[in-house]
Amino acid sequence: MEKRSVVRGIGHYLPERVVENAEFEKTLETSDEWIRSRSGIERRHFAAEGQTTSDMAIRAARAALDDAGLGPDDIDAIVLATSTADLTFPSAATMVQAGLGMTRGFAFDVQAVCAGFIYAMANANALILSGQAERVMVIGAETFSRIMDWTDRGTCVLFGDGAGALILEAATGAGTPADRGILSVDLNSDGRQRDILYVDGGVSTGITGHLRMQGKEVFRHAVEKLSQTAHTALEKIGLSGQDVDWLVPHQANLRIIKATAQRLQLPMERVIVTVQDHGNTSAASIPLALSVGKAQGHIKPGDLLVTEAIGGGLAWGSVVLRW
């Protein structure tokens with residue numbers, strides 16, 4: 001028998017304000033058609049004034065607890081992936097812990113930008129396999145609308161806000177790919193590629209700063225590295241793209257998603273796509289897609305999923321799990 005981290009519950013939250021592509025036509029030299037053709041994005045959600053990353057994370061966490069039939073003190077740890085925490089410190093995760101009324105356990109943030117949720121799942125899985133925790137809440141939450149340069153049409157139309165939460169708990173399996181839960185993880189980073197995707201602010205500058213991106217370079221790295229990491233994670237457990245029921249990719253750009261699916265020899269009918277409604281929500285995009293995919297009846301118990309993402313750092317990776 002082998003210990004596994006299995007999914008117990010999932011939930012998400014999206015801010016009330018929906019921003020259609022047409023809204024950008026008022027302030028930028030752009031159009032709905034231009035944005036759709038290059039990204040596949042049609043709309044996104046923006047946080048309300050005063051609404052923070054931890055606020056949204058708390059709502060997603062409550063939805064996941066409801067889905068699992070659990071209470072806050074049934075959770076041993078919170079691992080929250082974000083690049084847009086409310087404050088420099090304390091962590092947004094501890095704010096979620098307090099907001100849920102969770103009086104035990106521990107909480108911390110993970111920062112790997114758009115790959116954050118993959119890294120957070122990997123950390124949560126390691127905590128469970130090592131016996132450090134039995135149940136871990138894994139959250140991705142972002143307010144990227146706070147770091148946009150609204151004069152840069154190449155970036156500000158691409159991103160949105162939101163949060164998703166997944167509860168993992170310890171279970172036992174036979175130690176084969178037929179087990180439920182996380183089956184393999186592949187993590188990578190390359191700090192030499194910092195300048196193609198970064199925020200020009202932080203503690204060293206005294207300002208929050210804005211997101212800066214070399215779109216063509218990011219696209220090139222994304223297609224190559226996402227397909228590579230997915231293949232690597234599947235090979236670790238002796239599986240291939242043909243065994244996959246659902247690809248649940250980071251929702252950054254529809255062209256990247258299609259190119260990655262093609263390299264995995266997966267038809268788009270087996271890919272969960274939410275980028276049209278959410279835009280790029282960075283660390284929140286995979287849990288949002290998982291939650292929506294489950295709610296729509298696509299993702300079912302026993303399905304084999306591949307989740308993969310790439311973000312600033314560069315940081316990229318994938319997780320293979322059976323729902």
# chains A, B, ... in the order shown; residues from 1 in each chain; ligands from 1
>>> residues_around(residues="range 34-36 of chain A", least_positions_apart="2", cutoff="12 Å", atoms="only C-alpha atoms", output="PyMOL selection string")
chain A and resi 20-25+28-32+38-44+153-159+253-255+275-277+279
>>> closest_atom_pairs(of="range 178-223 of chain A", to="range 136-152 of chain A", cutoff="8 Å", atoms="only C-alpha atoms", output="tab-separated table")
residue	atom	partner	partner_atom	distance
A:Val199	CA	A:Ile147	CA	7.8
A:Thr208	CA	A:Ile147	CA	7.2
A:Gly209	CA	A:Ile147	CA	6.3
A:His210	CA	A:Ile147	CA	4.7
A:Leu211	CA	A:Met148	CA	5.9
>>> residues_around(residues="range 316-323 of chain A", least_positions_apart="5", cutoff="6 Å", atoms="only C-alpha atoms", output="PyMOL selection string")
chain A and resi 115+180-188+229-230+301-310
>>> write_last_selection(atoms="C-alpha atoms", output="mmCIF file, in the first residue's frame")
data_model
loop_
_atom_site.group_PDB
_atom_site.id
_atom_site.type_symbol
_atom_site.label_atom_id
_atom_site.label_comp_id
_atom_site.auth_asym_id
_atom_site.auth_seq_id
_atom_site.Cartn_x
_atom_site.Cartn_y
_atom_site.Cartn_z
ATOM 1 C CA ALA A 115 2.914 28.180 -11.944
ATOM 2 C CA ARG A 180 -6.870 8.119 -6.905
ATOM 3 C CA GLY A 181 -4.901 11.226 -5.988
ATOM 4 C CA ILE A 182 -1.630 12.841 -7.038
ATOM 5 C CA LEU A 183 0.397 10.326 -9.024
ATOM 6 C CA SER A 184 3.398 12.409 -10.129
ATOM 7 C CA VAL A 185 4.864 15.905 -10.006
ATOM 8 C CA ASP A 186 7.403 17.692 -12.197
ATOM 9 C CA LEU A 187 8.796 21.108 -11.199
ATOM 10 C CA ASN A 188 11.268 23.334 -13.059
ATOM 11 C CA THR A 229 6.787 18.937 -18.357
ATOM 12 C CA ALA A 230 3.505 17.137 -19.047
ATOM 13 C CA PRO A 301 -14.277 10.466 -10.169
ATOM 14 C CA GLY A 302 -11.625 8.196 -11.644
ATOM 15 C CA ASP A 303 -10.658 10.566 -14.472
ATOM 16 C CA LEU A 304 -6.932 11.001 -15.119
ATOM 17 C CA LEU A 305 -5.968 14.684 -15.220
ATOM 18 C CA VAL A 306 -2.819 16.510 -16.257
ATOM 19 C CA THR A 307 -2.443 20.050 -14.943
ATOM 20 C CA GLU A 308 0.446 22.213 -16.146
ATOM 21 C CA ALA A 309 1.507 25.856 -15.961
ATOM 22 C CA ILE A 310 4.340 28.280 -16.676
#
>>> atom_distance(atom1="CA of Ser291 in chain A", atom2="CA of Asp67 in chain A")
10.4 Å
>>> select_by_dssp(residues="range 114-150 of chain A", states="strand (DSSP E)", output="PyMOL selection string")
chain A and resi 135-143
>>> residues_around(residues="Arg59 in chain A", least_positions_apart="3", cutoff="10 Å", atoms="only C-alpha atoms", output="PDB file with C-alpha atoms, in the first residue's frame")
ATOM      1  CA  GLY A  11     -14.538  25.452  -4.896  1.00  0.00           C
ATOM      2  CA  HIS A  12     -13.957  28.835  -6.481  1.00  0.00           C
ATOM      3  CA  TYR A  13     -14.883  32.488  -6.331  1.00  0.00           C
ATOM      4  CA  LEU A  14     -15.004  35.153  -9.032  1.00  0.00           C
ATOM      5  CA  SER A  54      -7.275  37.034   0.809  1.00  0.00           C
ATOM      6  CA  ASP A  55     -10.963  38.070   0.650  1.00  0.00           C
ATOM      7  CA  MET A  56     -11.423  36.071  -2.539  1.00  0.00           C
ATOM      8  CA  ARG A  62     -15.433  28.136   2.122  1.00  0.00           C
ATOM      9  CA  ALA A  63     -16.837  26.757  -1.131  1.00  0.00           C
ATOM     10  CA  ALA A  64     -14.270  23.934  -1.050  1.00  0.00           C
ATOM     11  CA  LEU A  65     -15.082  23.149   2.599  1.00  0.00           C
ATOM     12  CA  VAL A  96      -7.329  33.098   5.159  1.00  0.00           C
ATOM     13  CA  GLY A  99     -10.919  34.553   8.063  1.00  0.00           C
ATOM     14  CA  LEU A 100     -12.100  30.939   8.109  1.00  0.00           C
ATOM     15  CA  ALA A 163      -9.610  32.384  -6.590  1.00  0.00           C
ATOM     16  CA  GLY A 164      -9.892  28.603  -6.495  1.00  0.00           C
ATOM     17  CA  ALA A 165      -9.359  26.155  -3.629  1.00  0.00           C
TER      18      ALA A 165
END
>>> select_by_dssp(residues="range 268-310 of chain A", states="helix (DSSP H, G or I)", output="VMD selection string")
chain A and resid 268 to 270 275 to 278 282 to 295
>>> residues_around(residues="Met213 in chain A", least_positions_apart="3", cutoff="7 Å", atoms="only C-alpha atoms", output="list in words")
Ile196, Leu197 and Tyr198 of chain A
>>> write_last_selection(atoms="N, CA and C atoms", output="mmCIF file, in the first residue's frame")
data_model
loop_
_atom_site.group_PDB
_atom_site.id
_atom_site.type_symbol
_atom_site.label_atom_id
_atom_site.label_comp_id
_atom_site.auth_asym_id
_atom_site.auth_seq_id
_atom_site.Cartn_x
_atom_site.Cartn_y
_atom_site.Cartn_z
ATOM 1 N N ILE A 196 11.793 38.330 -19.323
ATOM 2 C CA ILE A 196 10.702 38.224 -20.308
ATOM 3 C C ILE A 196 9.322 38.317 -19.656
ATOM 4 N N LEU A 197 9.275 38.196 -18.317
ATOM 5 C CA LEU A 197 8.001 38.319 -17.613
ATOM 6 C C LEU A 197 8.277 38.645 -16.156
ATOM 7 N N TYR A 198 7.961 39.873 -15.756
ATOM 8 C CA TYR A 198 8.282 40.310 -14.398
ATOM 9 C C TYR A 198 7.424 41.521 -14.036
#
>>> atom_distance(atom1="CA of Ala57 in chain A", atom2="CA of Asn280 in chain A")
16.6 Å
>>> atom_distance(atom1="CA of Asp245 in chain A", atom2="CA of Thr232 in chain A")
17.1 Å
>>> closest_atom_pairs(of="range 190-248 of chain A", to="range 267-271 of chain A", cutoff="7 Å", atoms="only C-alpha atoms", output="CSV")
residue,atom,partner,partner_atom,distance
A:Asp245,CA,A:Arg270,CA,6.3
A:Trp246,CA,A:Arg270,CA,5.0
A:Leu247,CA,A:Val271,CA,4.7
A:Val248,CA,A:Val271,CA,6.1
>>> closest_residue(among="A:Cys114, A:Arg194, A:Ala98, A:Gly173", to="Arg212 in chain A", atoms="only C-alpha atoms")
A:Arg194
